[in-house]
>>> print(open('coords_13.txt').read())   # compact mmCIF, C-alpha atoms
# COMPACT_ATOMS: atom_id res chain seq x y z
CA MET A 28 10.24 0.58 46.80
CA ALA A 29 7.88 2.40 44.38
CA ARG A 30 10.72 4.67 43.42
CA ARG A 31 12.91 1.77 42.45
CA ARG A 32 10.24 0.29 40.19
CA ALA A 33 9.76 3.64 38.46
CA GLY A 34 13.50 3.78 37.78
CA CYS A 35 13.43 0.26 36.38
CA ARG A 36 10.57 1.12 34.07
CA TRP A 37 12.45 4.14 32.78
CA LEU A 38 15.57 2.03 32.28
CA ASN A 39 13.56 -0.62 30.43
CA ARG A 40 12.03 2.02 28.18
CA CYS A 41 15.43 3.55 27.50
CA THR A 42 16.89 0.13 26.70
CA ASP A 43 13.92 -0.65 24.43
CA TRP A 44 14.36 2.69 22.63
CA VAL A 45 18.09 2.05 22.09
CA GLU A 46 17.39 -1.45 20.78
CA ASN A 47 14.59 -0.20 18.49
CA ASN A 48 16.70 2.74 17.33
CA TRP A 49 19.54 0.36 16.46
CA MET A 50 17.13 -1.89 14.54
CA ILE A 51 15.71 1.10 12.64
CA ARG A 52 19.20 2.28 11.70
CA ALA A 53 20.26 -1.22 10.64
CA SER A 54 17.10 -1.61 8.54
CA PHE A 55 17.66 1.77 6.90
CA LEU A 56 21.27 0.89 6.05
CA LEU A 57 20.21 -2.46 4.61
CA VAL A 58 17.58 -0.83 2.40
CA LEU A 59 20.07 1.83 1.31
CA LEU A 60 22.72 -0.76 0.41
CA CYS A 61 20.20 -2.83 -1.54
CA ALA A 62 19.04 0.25 -3.44
CA LEU A 63 22.59 1.30 -4.28
CA ALA A 64 23.53 -2.20 -5.40
CA GLY A 65 20.52 -2.32 -7.73
CA CYS A 66 21.04 1.16 -9.17
CA LYS A 67 23.68 0.45 -11.74
CA PRO A 68 23.58 3.01 -14.53
CA LEU A 69 22.78 1.59 -17.93
CA PRO A 70 25.23 2.21 -20.74
CA PRO A 71 24.05 4.84 -23.20
CA PRO A 72 22.27 3.79 -26.41
CA THR A 73 24.26 3.39 -29.60
CA PRO A 74 24.40 6.76 -31.38
CA LEU A 75 22.03 6.92 -34.36
CA GLU A 76 24.88 7.61 -36.79
CA GLN A 77 26.49 4.29 -35.79
CA LEU A 78 23.44 2.11 -36.52
CA ASN A 79 23.56 -0.36 -39.41
CA THR A 80 20.88 -0.51 -42.13
CA GLN A 81 18.66 -2.99 -40.29
CA GLN A 82 18.85 -1.00 -37.05
CA MET A 83 18.10 2.26 -38.90
CA HIS A 84 15.01 0.68 -40.44
CA GLY A 85 14.07 -0.51 -36.94
CA HIS A 86 14.45 3.06 -35.73
CA ALA A 87 12.08 4.22 -38.48
CA VAL A 88 9.58 1.50 -37.49
CA PHE A 89 9.87 2.61 -33.86
CA GLN A 90 9.22 6.24 -34.79
CA ALA A 91 6.19 5.28 -36.89
CA ARG A 92 4.62 2.63 -34.62
CA CYS A 93 5.96 2.98 -31.08
CA ALA A 94 7.09 6.54 -30.37
CA GLN A 95 3.53 7.71 -29.66
CA CYS A 96 3.59 5.71 -26.42
CA HIS A 97 7.25 4.85 -25.70
CA ASN A 98 10.45 6.87 -25.44
CA ASP A 99 13.56 5.26 -26.86
CA ARG A 100 16.45 7.55 -25.99
CA THR A 101 15.36 8.77 -22.56
CA ASP A 102 14.23 6.85 -19.48
CA LYS A 103 11.11 9.01 -19.04
CA PRO A 104 7.88 7.06 -19.64
CA LEU A 105 5.15 8.33 -21.95
CA HIS A 106 1.89 6.36 -22.05
CA GLY A 107 3.97 3.19 -21.82
CA PRO A 108 7.38 2.46 -20.28
CA SER A 109 10.58 3.76 -21.83
CA MET A 110 12.37 1.31 -24.10
CA LEU A 111 15.80 2.61 -23.10
CA GLY A 112 17.84 -0.39 -21.96
CA VAL A 113 14.95 -2.81 -22.48
CA PHE A 114 17.33 -5.70 -23.33
CA LYS A 115 19.98 -4.63 -20.81
CA ARG A 116 17.72 -5.46 -17.86
CA PRO A 117 16.88 -9.00 -16.76
CA SER A 118 13.14 -8.49 -17.09
CA LEU A 119 10.50 -6.37 -18.80
CA PRO A 120 8.27 -4.02 -16.74
CA SER A 121 5.67 -6.83 -16.79
CA GLY A 122 8.13 -9.16 -15.05
CA ALA A 123 8.62 -11.38 -18.13
CA PRO A 124 12.20 -12.10 -19.18
CA ALA A 125 13.74 -9.46 -21.44
CA ASN A 126 14.40 -11.57 -24.52
CA ASP A 127 13.44 -11.50 -28.20
CA GLU A 128 10.67 -14.07 -27.72
CA ARG A 129 8.84 -12.15 -24.97
CA VAL A 130 9.28 -8.73 -26.60
CA THR A 131 8.03 -10.12 -29.93
CA ALA A 132 5.01 -11.68 -28.19
CA THR A 133 4.24 -8.32 -26.54
CA ILE A 134 4.50 -6.51 -29.88
CA LEU A 135 2.32 -9.06 -31.67
CA HIS A 136 -0.33 -9.67 -29.01
CA GLY A 137 -0.12 -6.61 -26.77
CA HIS A 138 -0.04 -6.58 -22.98
CA GLY A 139 -2.05 -4.58 -20.47
CA LEU A 140 -2.85 -1.24 -22.11
CA MET A 141 -0.55 -1.89 -25.08
CA PRO A 142 -2.54 -2.86 -28.17
CA ALA A 143 -1.55 -5.79 -30.36
CA MET A 144 0.54 -4.60 -33.30
CA GLY A 145 0.67 -7.93 -35.16
CA ASN A 146 -1.68 -6.85 -37.96
CA THR A 147 0.21 -3.60 -38.63
CA MET A 148 3.77 -4.92 -38.97
CA ASP A 149 5.34 -7.58 -41.15
CA GLN A 150 8.00 -10.02 -39.95
CA GLN A 151 10.85 -7.90 -41.36
CA ASP A 152 9.59 -4.82 -39.52
CA ILE A 153 9.51 -6.78 -36.25
CA GLU A 154 13.02 -8.17 -36.77
CA ASP A 155 14.36 -4.69 -37.59
CA LEU A 156 12.56 -3.21 -34.60
CA LEU A 157 14.12 -5.84 -32.33
CA ALA A 158 17.55 -5.09 -33.79
CA TYR A 159 17.01 -1.41 -33.00
CA LEU A 160 15.73 -2.10 -29.47
CA HIS A 161 18.93 -4.06 -28.79
CA THR A 162 20.93 -0.86 -29.43
CA LEU A 163 19.09 1.08 -26.72
>>> encode(input="coords_13.txt", output="C-alpha cells")
Amino acid sequence: MARRRAGCRWLNRCTDWVENNWMIRASFLLVLLCALAGCKPLPPPTPLEQLNTQQMHGHAVFQARCAQCHNDRTDKPLHGPSMLGVFKRPSLPSGAPANDERVTATILHGHGLMPAMGNTMDQQDIEDLLAYLHTL
C-alpha cells in the first residue's frame, strides 16, 4: 500500500511539472508575441537636405538649445531621451500624449530633470523647433 502512494505522489508531481511547464511556455510565448507586436520600427527621419526653411531653423534651434541633452537622429539617449520619432509614438517618455501642446509645455516649463526653456526661446523658435521635431 505504501508503494502505491509513493507512485501516486510521483505521478502527481510529474503532472504538476507538465502543467507548470506548459504554463511557463505559454506565458513566454505571450510575452514574446506582445514584444514583437510592439516593436515596430520607426520610419527614418527626413534627411536634412530635404527640410524646408522653418524646419532648418528648428534644426539650428535644436543644435543650440537641445543637443546637449537629447539626440535627434539616433535613438541613443544622452542626459535626456532621444527625440527620434517623438511625434511618431503615441506618448512621450513621461506618459503624456505626444502632441504639440504637451511638447511645448515640456519645453516651456521643463519636466523632471529637464529645465524650463521658456525664458531662452521666443515663440518663433518654439514653432520652428516643433516643425523640426515632426520630421524626426
>>> residues_around(input="coords_13.txt", residues="segment 111-121 of chain A", least_positions_apart="5", cutoff="6 Å", atoms="only C-alpha atoms", output="compact mmCIF listing (two decimals) with C-alpha atoms, keeping the file's coordinate frame")
# COMPACT_ATOMS: atom_id res chain seq x y z
CA ASP A 99 13.56 5.26 -26.86
CA ARG A 100 16.45 7.55 -25.99
CA ASP A 102 14.23 6.85 -19.48
CA HIS A 161 18.93 -4.06 -28.79
CA LEU A 163 19.09 1.08 -26.72
>>> atom_distance(input="coords_13.txt", atom1="atom CA of Phe89 of chain A", atom2="atom CA of Leu156 of chain A")
6.5 Å
>>> closest_residue(input="coords_13.txt", among="A:Leu105, A:Leu135, A:Ala125, A:Met110", to="Asp149 of chain A", atoms="all atoms listed in the file")
A:Leu135
>>> residues_around(input="coords_13.txt", residues="Asn146 of chain A", least_positions_apart="4", cutoff="12 Å", atoms="only C-alpha atoms", output="PDB file with C-alpha atoms, in the frame of the given file")
ATOM      1  CA  ARG A  92       4.620   2.630 -34.620  1.00  0.00           C
ATOM      2  CA  ILE A 134       4.500  -6.510 -29.880  1.00  0.00           C
ATOM      3  CA  LEU A 135       2.320  -9.060 -31.670  1.00  0.00           C
ATOM      4  CA  HIS A 136      -0.330  -9.670 -29.010  1.00  0.00           C
ATOM      5  CA  GLY A 137      -0.120  -6.610 -26.770  1.00  0.00           C
ATOM      6  CA  PRO A 142      -2.540  -2.860 -28.170  1.00  0.00           C
ATOM      7  CA  GLN A 150       8.000 -10.020 -39.950  1.00  0.00           C
ATOM      8  CA  ASP A 152       9.590  -4.820 -39.520  1.00  0.00           C
ATOM      9  CA  ILE A 153       9.510  -6.780 -36.250  1.00  0.00           C
TER      10      ILE A 153
END
>>> closest_residue(input="coords_13.txt", among="A:Gly85, A:Pro104, A:Gly122, A:Pro71", to="Ala158 of chain A", atoms="all atoms listed in the file")
A:Gly85
>>> atom_distance(input="coords_13.txt", atom1="atom CA of Thr162 of chain A", atom2="atom CA of Gln82 of chain A")
7.9 Å
>>> atom_distance(input="coords_13.txt", atom1="atom CA of Gly139 of chain A", atom2="atom CA of Leu69 of chain A")
25.7 Å
>>> closest_residue(input="coords_13.txt", among="A:Ala87, A:Cys96, A:Met141, A:Val130", to="Asp155 of chain A", atoms="all atoms listed in the file")
A:Ala87
>>> residues_around(input="coords_13.txt", residues="His97 of chain A", least_positions_apart="6", cutoff="6 Å", atoms="all atoms listed in the file", output="list in words")
Leu105, Gly107, Pro108 and Ser109 of chain A
>>> axis_aligned_box(input="coords_13.txt", around="segment 86-105 of chain A", padding_each_side="8 Å", output="lines of an AutoDock Vina configuration file")
center_x = 10.0
center_y = 5.3
center_z = -28.8
size_x = 28.9
size_y = 23.5
size_z = 35.4
>>> closest_residue(input="coords_13.txt", among="A:Leu157, A:Thr101, A:Gln151, A:His106", to="Ala132 of chain A", atoms="only C-alpha atoms")
A:Leu157
